[in-house]
Amino acid sequence: MAYVIAEPCIGTKSAECVQVCPVDCIHPRPDEPDFANVEQLYIDPETCINCGACASVCPVEAIFPEEDLPEQWKRFIEINANYYKK
Ligand code: SF4
Ligand code: SF4
């Protein structure tokens, strides 16, 4: 289980979550080249330790524990994981 970034991040990409993640598992960070090319940020499910820090700071409530994702955003589990399979 991991936290997942869903649709509200698209077009927001404010990156507060990146600042608070203790294990640096949210990418691309604003200082990474890929940041300009993505529509949202993604959480690496293999590295996330489920601390919840990211979800508390997101201004648009885009981040959920996988098991609490609203039904219409379930596809974001795969969308987040796929970013790390490149
Ligand atoms: S804080 Fe929320 S909106 Fe901002 S980048 Fe993170 S997930 Fe996206
Ligand atoms: S739940 Fe914690 S470890 Fe997982 S992405 Fe959010 S801040 Fe990082």
# chains A, B, ... in the order shown; residues from 1 in each chain; ligands from 1
>>> residues_near_ligand(ligand="ligand 1", cutoff="6 Å", atoms="only C-alpha atoms and all ligand atoms", output="JSON, numbers by chain")
{"A": [5, 9, 12, 13, 14, 15, 16, 17, 41, 58, 59, 60, 62, 63]}
>>> write_last_selection(atoms="N, CA and C atoms", output="PDB file, in the first residue's frame")
ATOM      1  N   ILE A   5      -1.255  10.033  -5.914  1.00  0.00           N
ATOM      2  CA  ILE A   5      -1.657  11.386  -6.329  1.00  0.00           C
ATOM      3  C   ILE A   5      -2.687  11.267  -7.449  1.00  0.00           C
ATOM      4  N   CYS A   9      -4.213  17.147  -8.862  1.00  0.00           N
ATOM      5  CA  CYS A   9      -2.840  17.661  -9.059  1.00  0.00           C
ATOM      6  C   CYS A   9      -2.610  18.151 -10.484  1.00  0.00           C
ATOM      7  N   THR A  12      -1.983  21.712 -11.305  1.00  0.00           N
ATOM      8  CA  THR A  12      -1.647  22.423 -10.058  1.00  0.00           C
ATOM      9  C   THR A  12      -0.150  22.299  -9.790  1.00  0.00           C
ATOM     10  N   LYS A  13       0.304  21.039  -9.598  1.00  0.00           N
ATOM     11  CA  LYS A  13       1.747  20.795  -9.488  1.00  0.00           C
ATOM     12  C   LYS A  13       2.464  21.767  -8.552  1.00  0.00           C
ATOM     13  N   SER A  14       1.841  22.044  -7.424  1.00  0.00           N
ATOM     14  CA  SER A  14       2.389  23.076  -6.547  1.00  0.00           C
ATOM     15  C   SER A  14       3.602  22.614  -5.738  1.00  0.00           C
ATOM     16  N   ALA A  15       3.779  21.302  -5.620  1.00  0.00           N
ATOM     17  CA  ALA A  15       4.993  20.705  -5.038  1.00  0.00           C
ATOM     18  C   ALA A  15       5.212  20.849  -3.534  1.00  0.00           C
ATOM     19  N   GLU A  16       4.220  21.279  -2.782  1.00  0.00           N
ATOM     20  CA  GLU A  16       4.372  21.261  -1.319  1.00  0.00           C
ATOM     21  C   GLU A  16       4.660  19.836  -0.842  1.00  0.00           C
ATOM     22  N   CYS A  17       4.049  18.870  -1.507  1.00  0.00           N
ATOM     23  CA  CYS A  17       4.228  17.465  -1.115  1.00  0.00           C
ATOM     24  C   CYS A  17       5.689  17.035  -1.205  1.00  0.00           C
ATOM     25  N   LEU A  41       2.382  15.233 -10.483  1.00  0.00           N
ATOM     26  CA  LEU A  41       3.493  14.529  -9.849  1.00  0.00           C
ATOM     27  C   LEU A  41       3.025  13.121  -9.482  1.00  0.00           C
ATOM     28  N   CYS A  58      -1.206  19.099   0.811  1.00  0.00           N
ATOM     29  CA  CYS A  58      -1.677  19.346  -0.564  1.00  0.00           C
ATOM     30  C   CYS A  58      -2.848  20.338  -0.557  1.00  0.00           C
ATOM     31  N   PRO A  59      -2.711  21.458  -1.259  1.00  0.00           N
ATOM     32  CA  PRO A  59      -3.752  22.486  -1.227  1.00  0.00           C
ATOM     33  C   PRO A  59      -5.034  22.097  -1.963  1.00  0.00           C
ATOM     34  N   VAL A  60      -4.961  21.061  -2.799  1.00  0.00           N
ATOM     35  CA  VAL A  60      -6.152  20.684  -3.573  1.00  0.00           C
ATOM     36  C   VAL A  60      -6.658  19.276  -3.239  1.00  0.00           C
ATOM     37  N   ALA A  62      -5.320  16.268  -3.408  1.00  0.00           N
ATOM     38  CA  ALA A  62      -5.102  15.345  -4.520  1.00  0.00           C
ATOM     39  C   ALA A  62      -4.520  14.008  -4.070  1.00  0.00           C
ATOM     40  N   ILE A  63      -4.110  13.909  -2.789  1.00  0.00           N
ATOM     41  CA  ILE A  63      -3.365  12.723  -2.349  1.00  0.00           C
ATOM     42  C   ILE A  63      -4.171  11.890  -1.356  1.00  0.00           C
TER      43      ILE A  63
END
>>> residues_near_ligand(ligand="ligand 2", cutoff="6 Å", atoms="only C-alpha atoms and all ligand atoms", output="mmCIF file with C-alpha atoms, in the first residue's frame")
data_model
loop_
_atom_site.group_PDB
_atom_site.id
_atom_site.type_symbol
_atom_site.label_atom_id
_atom_site.label_comp_id
_atom_site.auth_asym_id
_atom_site.auth_seq_id
_atom_site.Cartn_x
_atom_site.Cartn_y
_atom_site.Cartn_z
ATOM 1 C CA TYR A 3 -0.238 7.014 -1.113
ATOM 2 C CA VAL A 20 7.616 17.295 3.155
ATOM 3 C CA CYS A 21 8.186 13.735 1.924
ATOM 4 C CA PRO A 22 10.772 12.156 4.246
ATOM 5 C CA VAL A 23 11.890 9.546 1.717
ATOM 6 C CA CYS A 25 9.508 9.372 -3.311
ATOM 7 C CA ILE A 26 7.479 12.107 -5.071
ATOM 8 C CA ILE A 43 4.436 8.794 -5.845
ATOM 9 C CA CYS A 48 6.443 5.400 0.028
ATOM 10 C CA ILE A 49 6.304 4.647 3.764
ATOM 11 C CA ASN A 50 2.647 5.722 4.184
ATOM 12 C CA CYS A 51 3.425 8.578 6.555
ATOM 13 C CA GLY A 52 0.661 10.821 5.188
ATOM 14 C CA ALA A 53 2.712 14.024 5.373
ATOM 15 C CA CYS A 54 2.117 14.810 1.696
#
>>> atom_distance(atom1="atom CA of A:Glu46", atom2="atom CA of A:Lys85")
11.0 Å
>>> select_by_dssp(residues="chain A", states="strand (DSSP E or B)", output="compact mmCIF listing (two decimals) with C-alpha atoms, in the first residue's frame")
# COMPACT_ATOMS: atom_id res chain seq x y z
CA TYR A 3 -0.24 7.01 -1.11
CA VAL A 4 -1.41 8.01 -4.58
CA ILE A 5 -1.66 11.39 -6.33
CA ILE A 26 7.48 12.11 -5.07
CA HIS A 27 8.73 12.99 -8.54
CA TYR A 42 3.70 10.83 -8.96
CA ILE A 43 4.44 8.79 -5.84
CA ILE A 63 -3.37 12.72 -2.35
CA PHE A 64 -5.01 9.66 -0.81
CA PRO A 65 -3.97 6.38 0.75
>>> select_by_dssp(residues="chain A", states="helix (DSSP H, G or I)", output="PyMOL selection string")
chain A and resi 7-9+16-20+33-37+53-57+66-68+71-73+76-83
>>> write_last_selection(atoms="C-alpha atoms", output="short mmCIF file (atom, residue, chain, number, x, y, z; two decimals), in the first residue's frame")
data_model
loop_
_atom_site.label_atom_id
_atom_site.label_comp_id
_atom_site.auth_asym_id
_atom_site.auth_seq_id
_atom_site.Cartn_x
_atom_site.Cartn_y
_atom_site.Cartn_z
CA GLU A 7 -6.53 14.15 -10.71
CA PRO A 8 -6.63 17.42 -8.71
CA CYS A 9 -2.84 17.66 -9.06
CA GLU A 16 4.37 21.26 -1.32
CA CYS A 17 4.23 17.47 -1.12
CA VAL A 18 7.79 17.17 -2.43
CA GLN A 19 9.05 19.42 0.36
CA VAL A 20 7.62 17.30 3.15
CA PRO A 33 14.38 18.12 -15.85
CA ASP A 34 11.16 16.12 -16.28
CA PHE A 35 9.11 18.54 -14.14
CA ALA A 36 8.13 20.77 -17.07
CA ASN A 37 6.98 17.79 -19.14
CA ALA A 53 2.71 14.02 5.37
CA CYS A 54 2.12 14.81 1.70
CA ALA A 55 -1.65 14.48 1.95
CA SER A 56 -1.85 17.00 4.80
CA VAL A 57 -0.07 19.74 2.87
CA GLU A 66 -4.48 3.81 -2.00
CA GLU A 67 -7.33 2.15 -0.11
CA ASP A 68 -9.20 5.46 0.33
CA GLU A 71 -13.71 5.24 -7.08
CA GLN A 72 -13.38 7.56 -10.09
CA TRP A 73 -9.65 7.98 -9.43
CA PHE A 76 -4.29 6.76 -10.66
CA ILE A 77 -2.80 3.82 -8.72
CA GLU A 78 -1.44 2.55 -12.02
CA ILE A 79 -0.70 6.02 -13.37
CA ASN A 80 1.55 6.78 -10.37
CA ALA A 81 3.30 3.39 -10.50
CA ASN A 82 3.83 3.58 -14.26
CA TYR A 83 5.90 6.73 -13.97
#
>>> closest_residue(among="A:Leu69, A:Met1, A:Gly11, A:Ala6", to="A:Val38", atoms="only C-alpha atoms")
A:Gly11
